[in-house]
$ cat my_file32.json   # JSON, C-alpha atoms
[["chain", "number", "residue", "atom", "x", "y", "z"],
["A", 19, "MET", "CA", 12.54, -14.76, -18.32],
["A", 20, "ASP", "CA", 10.22, -12.18, -19.85],
["A", 21, "SER", "CA", 11.19, -8.72, -18.56],
["A", 22, "SER", "CA", 7.54, -7.87, -17.82],
["A", 23, "ILE", "CA", 7.28, -10.90, -15.53],
["A", 24, "LYS", "CA", 10.49, -9.86, -13.77],
["A", 25, "ILE", "CA", 9.17, -6.29, -13.34],
["A", 26, "LYS", "CA", 5.90, -7.67, -11.98],
["A", 27, "GLU", "CA", 7.82, -9.79, -9.45],
["A", 28, "LEU", "CA", 9.90, -6.77, -8.40],
["A", 29, "MET", "CA", 6.78, -4.64, -7.98],
["A", 30, "TYR", "CA", 5.15, -7.39, -5.91],
["A", 31, "LEU", "CA", 8.22, -7.61, -3.65],
["A", 32, "HIS", "CA", 8.33, -3.80, -3.38],
["A", 33, "CYS", "CA", 4.70, -3.79, -2.21],
["A", 34, "GLU", "CA", 5.23, -6.74, 0.13],
["A", 35, "ASN", "CA", 8.21, -5.02, 1.78],
["A", 36, "PHE", "CA", 6.23, -1.79, 2.09],
["A", 37, "VAL", "CA", 3.27, -3.54, 3.77],
["A", 38, "ASP", "CA", 5.48, -5.61, 6.09],
["A", 39, "SER", "CA", 7.50, -2.55, 7.09],
["A", 40, "ARG", "CA", 4.36, -0.53, 7.80],
["A", 41, "PHE", "CA", 2.89, -3.42, 9.82],
["A", 42, "LYS", "CA", 6.07, -3.76, 11.95],
["A", 43, "THR", "CA", 6.28, 0.00, 12.51],
["A", 44, "ILE", "CA", 2.71, 0.13, 13.82],
["A", 45, "GLN", "CA", 3.26, -2.95, 16.01],
["A", 46, "ASN", "CA", 6.41, -1.40, 17.50],
["A", 47, "SER", "CA", 4.62, 1.89, 18.17],
["A", 48, "ILE", "CA", 1.81, 0.06, 19.97],
["A", 49, "LYS", "CA", 4.36, -1.90, 22.00],
["A", 50, "GLN", "CA", 6.15, 1.31, 23.02],
["A", 51, "ILE", "CA", 2.88, 2.92, 24.11],
["A", 52, "GLN", "CA", 1.96, -0.20, 26.10],
["A", 53, "GLU", "CA", 5.35, -0.08, 27.82],
["A", 54, "SER", "CA", 4.92, 3.64, 28.56],
["A", 55, "LEU", "CA", 1.45, 3.07, 29.99],
["A", 56, "SER", "CA", 2.52, 0.18, 32.21],
["A", 57, "SER", "CA", 5.82, 1.69, 33.40],
["A", 58, "GLU", "CA", 4.45, 5.13, 34.13],
["A", 59, "THR", "CA", 4.10, 5.70, 37.86],
["A", 60, "LYS", "CA", 1.69, 8.11, 39.50],
["A", 61, "SER", "CA", 3.50, 11.40, 39.86],
["A", 62, "SER", "CA", 2.73, 14.16, 42.31],
["A", 63, "ALA", "CA", 1.21, 16.19, 39.48],
["A", 64, "GLY", "CA", -1.94, 14.04, 39.23],
["A", 65, "ASP", "CA", -3.79, 15.98, 36.52],
["A", 66, "LYS", "CA", -0.72, 16.13, 34.32],
["A", 67, "HIS", "CA", -0.23, 12.37, 34.78],
["A", 68, "GLU", "CA", -3.85, 11.60, 33.86],
["A", 69, "THR", "CA", -3.67, 13.84, 30.79],
["A", 70, "GLY", "CA", -0.50, 12.07, 29.66],
["A", 71, "ARG", "CA", -2.13, 8.65, 30.14],
["A", 72, "ALA", "CA", -5.24, 9.75, 28.23],
["A", 73, "MET", "CA", -3.13, 11.00, 25.35],
["A", 74, "LEU", "CA", -1.20, 7.71, 25.23],
["A", 75, "GLN", "CA", -4.46, 5.76, 25.25],
["A", 76, "LEU", "CA", -5.84, 7.89, 22.39],
["A", 77, "GLU", "CA", -2.65, 7.29, 20.42],
["A", 78, "ARG", "CA", -2.88, 3.55, 21.12],
["A", 79, "GLU", "CA", -6.48, 3.55, 19.86],
["A", 80, "LYS", "CA", -5.47, 5.41, 16.69],
["A", 81, "LEU", "CA", -2.64, 2.92, 16.11],
["A", 82, "GLY", "CA", -5.08, 0.07, 16.70],
["A", 83, "HIS", "CA", -7.21, 1.35, 13.81],
["A", 84, "GLN", "CA", -4.11, 1.69, 11.63],
["A", 85, "LEU", "CA", -3.08, -1.86, 12.54],
["A", 86, "ALA", "CA", -6.52, -3.21, 11.60],
["A", 87, "GLU", "CA", -6.32, -1.34, 8.27],
["A", 88, "ILE", "CA", -2.83, -2.63, 7.42],
["A", 89, "GLN", "CA", -3.91, -6.16, 8.33],
["A", 90, "ARG", "CA", -6.85, -5.83, 5.92],
["A", 91, "ILE", "CA", -4.48, -4.52, 3.24],
["A", 92, "LYS", "CA", -2.11, -7.45, 3.88],
["A", 93, "GLU", "CA", -4.92, -9.98, 3.55],
["A", 94, "ASN", "CA", -6.05, -8.49, 0.24],
["A", 95, "PHE", "CA", -2.49, -8.16, -1.00],
["A", 96, "TYR", "CA", -1.68, -11.82, -0.39],
["A", 97, "LYS", "CA", -4.65, -12.79, -2.59],
["A", 98, "ILE", "CA", -2.75, -11.41, -5.61],
["A", 99, "ASP", "CA", -1.51, -14.06, -8.02],
["A", 100, "ILE", "CA", 1.23, -12.45, -10.09],
["A", 101, "THR", "CA", 1.44, -15.48, -12.37],
["A", 102, "LYS", "CA", -2.10, -14.83, -13.61],
["A", 103, "THR", "CA", -2.50, -12.85, -16.80],
["A", 104, "SER", "CA", -5.62, -11.22, -18.13],
["A", 105, "LYS", "CA", -6.79, -9.20, -21.10],
["A", 106, "VAL", "CA", -8.26, -6.61, -18.72],
["A", 107, "VAL", "CA", -6.75, -4.68, -15.82],
["A", 108, "GLY", "CA", -7.35, -6.23, -12.41],
["A", 109, "LEU", "CA", -5.73, -6.71, -9.02],
["A", 110, "GLY", "CA", -2.12, -7.77, -9.59],
["A", 111, "SER", "CA", -1.92, -6.35, -13.13],
["A", 112, "LEU", "CA", 1.17, -4.64, -14.43],
["A", 113, "VAL", "CA", -0.19, -1.91, -16.71],
["A", 114, "PHE", "CA", 1.88, -0.10, -19.33],
["A", 115, "THR", "CA", 0.29, 3.10, -20.64],
["A", 116, "SER", "CA", 1.38, 5.83, -23.02],
["A", 117, "ASN", "CA", 1.89, 8.04, -19.95],
["A", 118, "THR", "CA", 2.73, 6.07, -16.79],
["A", 119, "ASN", "CA", 3.19, 2.44, -15.76],
["A", 120, "TYR", "CA", 1.26, 0.93, -12.83],
["A", 121, "PHE", "CA", 1.15, -2.16, -10.67],
["A", 122, "ILE", "CA", -2.31, -2.65, -9.17],
["A", 123, "GLY", "CA", -1.70, -3.92, -5.64],
["A", 124, "VAL", "CA", -1.16, -1.55, -2.74],
["A", 125, "SER", "CA", -0.18, 2.10, -2.66],
["A", 126, "ALA", "CA", 3.56, 1.74, -2.13],
["A", 127, "GLY", "CA", 5.02, 4.53, -4.23],
["A", 128, "LYS", "CA", 7.29, 4.34, -7.22],
["A", 129, "LEU", "CA", 9.97, 1.91, -8.27],
["A", 130, "ILE", "CA", 12.41, 2.42, -11.13],
["A", 131, "VAL", "CA", 13.27, -0.73, -13.09],
["A", 132, "ASN", "CA", 15.47, -0.70, -16.20],
["A", 133, "ASN", "CA", 15.17, 3.11, -16.43],
["A", 134, "SER", "CA", 11.35, 2.88, -16.44],
["A", 135, "THR", "CA", 9.20, 4.23, -13.63],
["A", 136, "PHE", "CA", 6.38, 2.14, -12.18],
["A", 137, "TYR", "CA", 3.86, 3.17, -9.55],
["A", 138, "ALA", "CA", 2.40, 0.69, -7.11],
["A", 139, "ILE", "CA", -1.18, 1.77, -6.51],
["A", 140, "SER", "CA", -4.14, 0.39, -4.61],
["A", 141, "ALA", "CA", -7.19, -0.79, -6.50],
["A", 142, "ASN", "CA", -9.14, 1.81, -4.49],
["A", 143, "THR", "CA", -7.24, 4.81, -5.87],
["A", 144, "PRO", "CA", -9.03, 7.03, -8.41],
["A", 145, "ILE", "CA", -6.59, 6.16, -11.21],
["A", 146, "ALA", "CA", -6.93, 2.42, -10.54],
["A", 147, "GLN", "CA", -10.72, 2.74, -10.56],
["A", 148, "LEU", "CA", -10.44, 4.17, -14.07],
["A", 149, "LEU", "CA", -8.02, 1.43, -15.20],
["A", 150, "LEU", "CA", -9.86, -1.59, -13.76],
["A", 151, "THR", "CA", -11.64, -3.72, -16.37],
["A", 152, "LYS", "CA", -10.05, -1.73, -19.23],
["A", 153, "GLY", "CA", -8.11, -3.50, -21.98],
["A", 154, "ILE", "CA", -5.23, -2.86, -24.36],
["A", 155, "GLY", "CA", -5.98, 0.07, -26.64],
["A", 156, "ASP", "CA", -8.54, 1.62, -24.28],
["A", 157, "ILE", "CA", -8.18, 5.35, -23.70],
["A", 158, "VAL", "CA", -8.34, 6.64, -20.12],
["A", 159, "GLN", "CA", -8.93, 10.24, -19.08],
["A", 160, "PHE", "CA", -7.57, 11.18, -15.64],
["A", 161, "ARG", "CA", -7.83, 14.82, -14.66],
["A", 162, "ASP", "CA", -6.23, 16.77, -17.54],
["A", 163, "THR", "CA", -4.34, 13.79, -18.94],
["A", 164, "GLN", "CA", -5.47, 11.31, -21.54],
["A", 165, "PHE", "CA", -3.51, 8.11, -22.14],
["A", 166, "THR", "CA", -3.82, 4.72, -23.80],
["A", 167, "ILE", "CA", -3.31, 1.31, -22.24],
["A", 168, "GLN", "CA", -0.50, -0.28, -24.25],
["A", 169, "ALA", "CA", 0.07, -3.60, -22.44],
["A", 170, "ILE", "CA", -1.24, -5.61, -19.50],
["A", 171, "HIS", "CA", 0.76, -8.33, -17.76]]
$ encode --input "my_file32.json" --output "C-alpha cells"
Amino acid sequence: MDSSIKIKELMYLHCENFVDSRFKTIQNSIKQIQESLSSETKSSAGDKHETGRAMLQLEREKLGHQLAEIQRIKENFYKIDITKTSKVVGLGSLVFTSNTNYFIGVSAGKLIVNNSTFYAISANTPIAQLLLTKGIGDIVQFRDTQFTIQAIH
C-alpha cells in the first residue's frame, strides 16, 4: 500500500477518534449536569440553591451549543472520502509542503507518522483557507513563512 494512503487513513482515524471523544465528553458533561439538577433538593439556603441551579443551567446551555457544534463538525467530517484524489487541495486532502504537512479535515492536532509530523486542520482555519484550491508547485505565504505545495493525496 502506498505510504501516503496509509498516512491519510491514519490521519482520518486520528480525526475520527478526536471528534468521537469530544462528542462523548460533552454528552457525559450534559448528563452529569442533568443528574445534578434533578437530584438537587431545596436547601434551607434558598438564594444559594437558586444561584447554584442557575449556574448549572447556564453550563448546560453552553454545553448544548458545544454539542450542536461538534455534531455539525461530525456531519461534515463524515462527508470526507479519503479514497478520492485531486490535483488541488480540498476537504480530505493530505498536503505535503516544503514546511509542514497537513490533513484537511477537522482541527485535531498533530500526529507523527514515520518520523514525519502531520497536522489535522479544519477547512475553516486560516492556513487551510490559503491552501484550498491550490495545486502542486503553488507557493503559499502564511504570516512570515513562505512554502511550496509539494504533493497532494
$ closest_atom_pairs --input "my_file32.json" --of "segment 21-41 of chain A" --to "segment 80-102 of chain A" --cutoff "7 Å" --atoms "all atoms listed in the file" --output "JSON lines"
{"residue": "A:Lys26", "atom": "CA", "partner": "A:Ile100", "partner_atom": "CA", "distance": 6.9}
{"residue": "A:Val37", "atom": "CA", "partner": "A:Lys92", "partner_atom": "CA", "distance": 6.7}
{"residue": "A:Phe41", "atom": "CA", "partner": "A:Ile88", "partner_atom": "CA", "distance": 6.3}
$ closest_residue --input "my_file32.json" --among "A:Thr151, A:Ser47, A:Asn117, A:Ser21" --to "Thr135 of chain A" --atoms "only C-alpha atoms"
A:Asn117
$ atom_distance --input "my_file32.json" --atom1 "atom CA of Gln168 of chain A" --atom2 "atom CA of Gly127 of chain A"
21.3 Å
$ residues_around --input "my_file32.json" --residues "Phe36 of chain A" --least-positions-apart "4" --cutoff "8 Å" --atoms "all atoms listed in the file" --output "PyMOL selection string"
chain A and resi 32+40+126
$ closest_residue --input "my_file32.json" --among "A:Leu28, A:Ile48, A:Val106, A:Ile23" --to "Leu148 of chain A" --atoms "all atoms listed in the file"
A:Val106
$ atom_distance --input "my_file32.json" --atom1 "atom CA of Glu27 of chain A" --atom2 "atom CA of Ile170 of chain A"
14.2 Å
$ closest_residue --input "my_file32.json" --among "A:Glu79, A:Ser134, A:Leu31, A:Asp20" --to "Ile44 of chain A" --atoms "all atoms listed in the file"
A:Glu79
$ residues_around --input "my_file32.json" --residues "segment 52-55 of chain A" --least-positions-apart "2" --cutoff "8 Å" --atoms "only C-alpha atoms" --output "PDB file with C-alpha atoms, in the coordinates of the input"
ATOM      1  CA  ILE A  48       1.810   0.060  19.970  1.00  0.00           C
ATOM      2  CA  LYS A  49       4.360  -1.900  22.000  1.00  0.00           C
ATOM      3  CA  GLN A  50       6.150   1.310  23.020  1.00  0.00           C
ATOM      4  CA  SER A  57       5.820   1.690  33.400  1.00  0.00           C
ATOM      5  CA  GLU A  58       4.450   5.130  34.130  1.00  0.00           C
ATOM      6  CA  ARG A  71      -2.130   8.650  30.140  1.00  0.00           C
ATOM      7  CA  LEU A  74      -1.200   7.710  25.230  1.00  0.00           C
ATOM      8  CA  ARG A  78      -2.880   3.550  21.120  1.00  0.00           C
TER       9      ARG A  78
END
$ atom_distance --input "my_file32.json" --atom1 "atom CA of Thr118 of chain A" --atom2 "atom CA of Phe165 of chain A"
8.5 Å
$ residues_around --input "my_file32.json" --residues "Ile145 of chain A" --least-positions-apart "3" --cutoff "12 Å" --atoms "only C-alpha atoms" --output "PyMOL selection string"
chain A and resi 107+113+118-122+125+137-142+148-150+152+158-161+163-165
$ closest_residue --input "my_file32.json" --among "A:Ile167, A:Ser22, A:Asn132, A:Ala146" --to "Leu109 of chain A" --atoms "only C-alpha atoms"
A:Ala146
$ axis_aligned_box --input "my_file32.json" --around "segment 146-155 of chain A" --padding-each-side "5 Å" --output "AutoDock Vina command-line options"
--center_x -8.4 --center_y 0.2 --center_z -18.6 --size_x 16.4 --size_y 17.9 --size_z 26.1
$ closest_residue --input "my_file32.json" --among "A:Val124, A:Ala169, A:Ile154, A:Ile130" --to "Asp38 of chain A" --atoms "all atoms listed in the file"
A:Val124
$ closest_residue --input "my_file32.json" --among "A:Phe136, A:Glu34, A:Ala72, A:Phe114" --to "Asp156 of chain A" --atoms "all atoms listed in the file"
A:Phe114
$ decode --input "my_file32.json" --residues "segment 72-83 of chain A" --atoms "C-alpha atoms" --output "compact mmCIF listing (two decimals), in the first residue's frame"
# COMPACT_ATOMS: atom_id res chain seq x y z
CA ALA A 72 -28.93 28.93 37.56
CA MET A 73 -25.22 28.31 37.13
CA LEU A 74 -25.84 24.65 36.26
CA GLN A 75 -28.49 25.67 33.73
CA LEU A 76 -26.10 28.19 32.13
CA GLU A 77 -23.42 25.50 31.92
CA ARG A 78 -25.94 23.08 30.38
CA GLU A 79 -26.87 25.71 27.79
CA LYS A 80 -23.19 26.32 26.95
CA LEU A 81 -22.64 22.56 26.58
CA GLY A 82 -25.74 22.36 24.39
CA HIS A 83 -24.13 24.84 21.98
